[in-house]
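Below is one structure; the comments refer to it alone.
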Amino acid sequence: MKKISVIFILPDLETGGAERIVTTIANHLSRDRFEPKILLLRKEGGYLSFLKNDVEIIDVNRERIRHSLKPILREIYRRKPDIVFSGFGEVNAYLSLFIKLFPKTKFIARETNVVTQHVTRKEIKFFYNFYNNYQRIIAQSDDMKKDLINNFNIRQSKIVKINNPVDFDFIESKLAASTKPESFKYNYKNVVAIGNLSARKGFDNLLKVFSRLKNENIILHILGDGKDREILHQMKDFLDLKQVIFHGRQENPYQFLKYADLFILSSRYEGFPNVLLEAGACGTYSLANNCPGGINEIIQDKTNGEISDIENHEDFAQKIMNILHYSYDKDAIKNSIKSRFSKNIILDMYEKVLLDLMKK
């Protein structure tokens, strides 16, 4: 039987959510049925080392997405894949205009955000008028699916909801090698937040919340880097938050999650937050801001976490205090994630989408 050739398209393989998902799918597709390749705008990023040797990398060597369209289309024309799987919002948008040039190839877009929350450039929103050209669109959450249907008139029959997978084997291997961070002080509660230091992640609100907890034995550890780093550092100093530590980007964030008393997701909006899944996979209880992007699909109230409105700084601070007075069943937290989002469950869904598409 002829194998189904699939080309996945991404800007690069930096260590982000979309990159991790596509790497996981490409690595685990059945080699009896599929022949996966990954087309990158730039051959760089931490996930390159995790990619299996039999996954061919096509490098078009372009910095900007709009400048990469011609070489992407050239590669699709030359290689004639059965399926093109675009895994990044802006690439999806531009590519949608050209799908009809390739009537023998099936096109799938995996949307990465709630579009109306994330996309502000009018030129990108214009391309969503052509999204119905895709044979399938994968939404990570109900919020994302509703947004595409209600605001962009995408046909419901084209959209498949598939949540993000958690690679428990990978996380368990990281946890096994993890020791308690030196910055975790004895007799203090250690709270962890992880994400890009940008407005979207809401760390400004989190610092305001912690300004109400200055007299408590609680340390906030923020992992990540980004364009708002200086602003957030200045804000920390202005609020005199001596018990807030910025750790920058960490090679092994699971070390922090393993020993954390609480994980906080402060985002203003999300796609489907991998870090919330990973906190649960580490057995860590979570408190998440009530924002769009599948939060309520992950959090099972009082089992693996709780949801609250971070804009109400006083209430959110009190919620942190209440949670830290209790201990939670780490195995129950892990199982709440594993039973719904384990790699095998989610990858079976992706494989089914690819196979079903080839029957049409």
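Following the order of the structure tokens, chains are lettered A, B, ..., residues in each are numbered from 1, and ligands are numbered from 1.
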
Residue set, range 63-275 of chain A restricted to helix (DSSP H, G or I), as a ChimeraX atom specification: /A:65-79,89-101,115-118,122-133,142-152,156-158,168-176,199-201,203-210,229-238,254-259,274-275

Sel. of strand (DSSP E or B) residues, range 27-149 of chain A, as number ranges by chain: A: 34-40, 56-59, 83-86, 106-110, 136-139

Nearby residues (only C-alpha atoms) at most 10 Å from range 161-169 of chain A, same-chain spacing under 3 positions excluded, as a ChimeraX atom specification: /A:17-18,20-21,24-25,110,137-142,144-145,172-175,271-275,277-278,280-282,294,297-298,334,337-338,340-347,349-350,353

Keeping N, CA and C atoms, export the residues of the selection given above as a short mmCIF file (atom, residue, chain, number, x, y, z; two decimals), in the first residue's frame.
```cif
data_model
loop_
_atom_site.label_atom_id
_atom_site.label_comp_id
_atom_site.auth_asym_id
_atom_site.auth_seq_id
_atom_site.Cartn_x
_atom_site.Cartn_y
_atom_site.Cartn_z
N GLY A 17 4.48 25.88 21.83
CA GLY A 17 3.40 24.89 21.83
C GLY A 17 3.16 24.25 20.49
N ALA A 18 3.00 25.06 19.42
CA ALA A 18 2.72 24.52 18.09
C ALA A 18 3.86 23.62 17.62
N ARG A 20 5.99 21.93 19.44
CA ARG A 20 6.01 20.67 20.21
C ARG A 20 4.95 19.70 19.70
N ILE A 21 3.77 20.22 19.40
CA ILE A 21 2.67 19.36 18.94
C ILE A 21 3.02 18.74 17.59
N THR A 24 5.66 16.11 17.89
CA THR A 24 5.09 14.89 18.47
C THR A 24 4.30 14.10 17.44
N ILE A 25 3.47 14.79 16.66
CA ILE A 25 2.66 14.10 15.63
C ILE A 25 3.57 13.45 14.60
N ARG A 110 -4.07 23.76 11.46
CA ARG A 110 -4.24 23.65 12.92
C ARG A 110 -4.16 25.06 13.49
N ILE A 137 -10.03 21.93 9.44
CA ILE A 137 -9.41 22.89 10.36
C ILE A 137 -9.47 22.28 11.75
N ILE A 138 -8.33 22.21 12.40
CA ILE A 138 -8.27 21.64 13.75
C ILE A 138 -8.26 22.78 14.76
N ALA A 139 -9.26 22.76 15.63
CA ALA A 139 -9.34 23.73 16.73
C ALA A 139 -8.95 23.01 18.01
N GLN A 140 -8.20 23.70 18.85
CA GLN A 140 -7.71 23.06 20.08
C GLN A 140 -8.74 23.08 21.20
N SER A 141 -9.71 23.99 21.11
CA SER A 141 -10.66 24.14 22.21
C SER A 141 -12.03 24.52 21.66
N ASP A 142 -13.05 24.39 22.50
CA ASP A 142 -14.41 24.81 22.12
C ASP A 142 -14.45 26.30 21.85
N MET A 144 -12.11 28.20 20.63
CA MET A 144 -11.50 28.42 19.33
C MET A 144 -12.46 28.03 18.21
N LYS A 145 -13.13 26.91 18.38
CA LYS A 145 -14.08 26.41 17.38
C LYS A 145 -15.24 27.40 17.21
N GLU A 172 7.90 12.53 32.63
CA GLU A 172 8.38 11.66 33.72
C GLU A 172 9.90 11.54 33.71
N SER A 173 10.49 11.48 32.51
CA SER A 173 11.96 11.39 32.43
C SER A 173 12.61 12.67 32.96
N LYS A 174 11.98 13.81 32.68
CA LYS A 174 12.49 15.09 33.18
C LYS A 174 12.33 15.18 34.70
N LEU A 175 11.18 14.71 35.19
CA LEU A 175 10.93 14.77 36.63
C LEU A 175 11.90 13.89 37.41
N GLY A 271 -4.66 29.70 23.55
CA GLY A 271 -5.16 28.82 22.50
C GLY A 271 -5.72 27.59 23.20
N PHE A 272 -4.80 26.81 23.72
CA PHE A 272 -5.12 25.70 24.63
C PHE A 272 -3.82 25.49 25.38
N PRO A 273 -3.72 25.97 26.62
CA PRO A 273 -2.42 26.15 27.27
C PRO A 273 -1.71 24.86 27.65
N ASN A 274 -0.66 24.55 26.90
CA ASN A 274 0.14 23.35 27.18
C ASN A 274 0.71 23.38 28.60
N VAL A 275 1.10 24.56 29.06
CA VAL A 275 1.74 24.65 30.37
C VAL A 275 0.78 24.26 31.49
N LEU A 277 -1.58 21.96 31.12
CA LEU A 277 -1.58 20.50 31.04
C LEU A 277 -0.34 19.93 31.72
N GLU A 278 0.81 20.55 31.45
CA GLU A 278 2.07 20.03 31.97
C GLU A 278 2.16 20.19 33.49
N GLY A 280 -0.38 19.95 35.47
CA GLY A 280 -1.18 18.82 35.95
C GLY A 280 -0.44 17.50 35.81
N ALA A 281 0.29 17.35 34.72
CA ALA A 281 1.06 16.11 34.50
C ALA A 281 2.16 15.95 35.54
N CYS A 282 2.60 17.06 36.12
CA CYS A 282 3.60 17.01 37.21
C CYS A 282 2.94 16.82 38.57
N GLY A 294 -10.04 27.42 26.31
CA GLY A 294 -10.07 26.02 26.75
C GLY A 294 -9.70 25.77 28.19
N GLU A 297 -11.91 23.43 29.93
CA GLU A 297 -11.85 22.05 29.46
C GLU A 297 -10.73 21.28 30.17
N ILE A 298 -9.78 22.00 30.72
CA ILE A 298 -8.64 21.37 31.40
C ILE A 298 -8.89 21.27 32.91
N LYS A 334 -2.60 14.16 38.39
CA LYS A 334 -1.99 13.55 37.20
C LYS A 334 -3.03 12.77 36.40
N ILE A 337 -5.42 14.59 34.08
CA ILE A 337 -4.83 14.99 32.80
C ILE A 337 -4.62 13.76 31.91
N LYS A 338 -4.06 12.73 32.48
CA LYS A 338 -3.70 11.53 31.70
C LYS A 338 -4.91 10.87 31.06
N ARG A 340 -7.52 12.15 29.88
CA ARG A 340 -8.16 12.91 28.80
C ARG A 340 -7.19 13.41 27.73
N PHE A 341 -5.93 13.64 28.12
CA PHE A 341 -5.00 14.31 27.21
C PHE A 341 -3.71 13.55 26.96
N SER A 342 -3.66 12.27 27.28
CA SER A 342 -2.41 11.54 27.07
C SER A 342 -2.11 11.45 25.57
N LYS A 343 -0.85 11.33 25.30
CA LYS A 343 -0.35 11.36 23.92
C LYS A 343 -1.08 10.37 23.01
N ASN A 344 -1.27 9.15 23.47
CA ASN A 344 -1.87 8.11 22.63
C ASN A 344 -3.31 8.46 22.25
N ILE A 345 -4.08 8.99 23.20
CA ILE A 345 -5.47 9.36 22.92
C ILE A 345 -5.53 10.44 21.84
N ILE A 346 -4.72 11.48 21.99
CA ILE A 346 -4.76 12.63 21.07
C ILE A 346 -4.17 12.27 19.71
N LEU A 347 -3.07 11.50 19.69
CA LEU A 347 -2.45 11.14 18.42
C LEU A 347 -3.35 10.24 17.60
N MET A 349 -6.51 10.56 17.45
CA MET A 349 -7.46 11.50 16.84
C MET A 349 -6.86 12.15 15.59
N TYR A 350 -5.58 12.56 15.69
CA TYR A 350 -4.92 13.17 14.53
C TYR A 350 -4.81 12.17 13.38
N VAL A 353 -8.08 11.82 11.58
CA VAL A 353 -8.37 12.95 10.69
C VAL A 353 -7.65 12.79 9.36
#
```

Atom pair CA of Ile264 in chain A / CA of Val192 in chain A: separation (Å): 6.3 Å

Distance in Å - CA of Leu324 in chain A versus CA of Tyr188 in chain A: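 CA of Tyr188 in chain A lies 10.5 Å from CA of Leu324 in chain A.
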
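Ranking A:Asp82, A:Glu311, A:Asp204, A:Asp143 by their shortest atom-to-atom distance to Glu111 in chain A, with only C-alpha atoms included, puts A:Asp143 first.
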
Best match for closeness to Tyr186 in chain A among A:Asn217, A:Gln318, A:Asn150, A:Asn205, counting only C-alpha atoms: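 Checking each candidate against Tyr186 in chain A, we get A:Asn217 as the closest.
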
Residues at most 7 Å from range 255-259 of chain A, counting only C-alpha atoms, excluding those fewer than 3 positions away in the same chain, as a PDB file with C-alpha atoms, in the first residue's frame?
```
ATOM      1  CA  LEU A 175      10.927  14.770  36.634  1.00  0.00           C
ATOM      2  CA  SER A 178      14.859  16.975  38.694  1.00  0.00           C
ATOM      3  CA  THR A 179      16.130  18.185  42.040  1.00  0.00           C
ATOM      4  CA  LYS A 180      14.591  20.935  44.136  1.00  0.00           C
ATOM      5  CA  PRO A 181      15.609  24.393  42.843  1.00  0.00           C
ATOM      6  CA  VAL A 192       5.310  29.072  39.839  1.00  0.00           C
ATOM      7  CA  ASN A 252      13.919  22.141  32.531  1.00  0.00           C
ATOM      8  CA  ALA A 279       1.551  21.426  35.472  1.00  0.00           C
ATOM      9  CA  CYS A 282       3.596  17.006  37.207  1.00  0.00           C
ATOM     10  CA  THR A 284       0.794  20.324  40.613  1.00  0.00           C
TER      11      THR A 284
END
```

Nearest residue to Ile83 in chain A from the set A:Cys291, A:Leu13, A:Val6, A:Ile154 (distances using only C-alpha atoms): A:Val6

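Residue neighbourhood of Asp309 in chain A, excluding near-sequence residues (fewer than 6 positions): A:Gly202, A:Asn205, A:Leu206, A:Val209, A:Ile264, A:Leu265, A:Ser266, A:Ser267, A:Arg268, A:Leu287, A:Ala288, A:Asn289, A:Asn290, A:Cys291, A:Pro292, A:Asp315, A:Phe316, A:Ala317, A:Gln318, A:Lys319, A:Ile320, at 12 Å, using only C-alpha atoms.
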
Output for the residues just chosen: C-alpha atoms as a compact mmCIF listing (two decimals), in the first residue's frame:
```txt
# COMPACT_ATOMS: atom_id res chain seq x y z
CA GLY A 202 -0.91 38.80 32.14
CA ASN A 205 -1.82 41.45 36.82
CA LEU A 206 0.02 38.69 38.66
CA VAL A 209 -1.92 40.30 42.96
CA ILE A 264 -0.69 30.02 38.27
CA LEU A 265 -1.85 30.77 34.71
CA SER A 266 -2.43 34.52 34.51
CA SER A 267 -3.03 34.81 30.73
CA ARG A 268 -5.51 37.26 29.19
CA LEU A 287 -5.12 28.41 39.67
CA ALA A 288 -6.03 29.85 36.26
CA ASN A 289 -7.43 33.17 35.15
CA ASN A 290 -10.91 32.88 33.68
CA CYS A 291 -9.89 33.66 30.09
CA PRO A 292 -10.86 32.34 26.62
CA ASP A 315 -10.08 38.05 45.38
CA PHE A 316 -7.35 36.29 43.40
CA ALA A 317 -4.84 36.90 46.21
CA GLN A 318 -7.30 35.46 48.72
CA LYS A 319 -7.84 32.44 46.47
CA ILE A 320 -4.07 31.81 46.45
```

Distance in Å - CA of Lys208 in chain A versus CA of Gly16 in chain A: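 Between CA of Lys208 in chain A and CA of Gly16 in chain A the gap works out to 26.8 Å.
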
Spatial neighbours of range 72-79 of chain A, max dist 9 Å, only C-alpha atoms, sep filter under 4 positions, as a count of residues only: 12

Range 234-239 of chain A environment, 12 Å, only C-alpha atoms, sequence neighbours closer than 5 positions dropped, as a count of residues only: 19
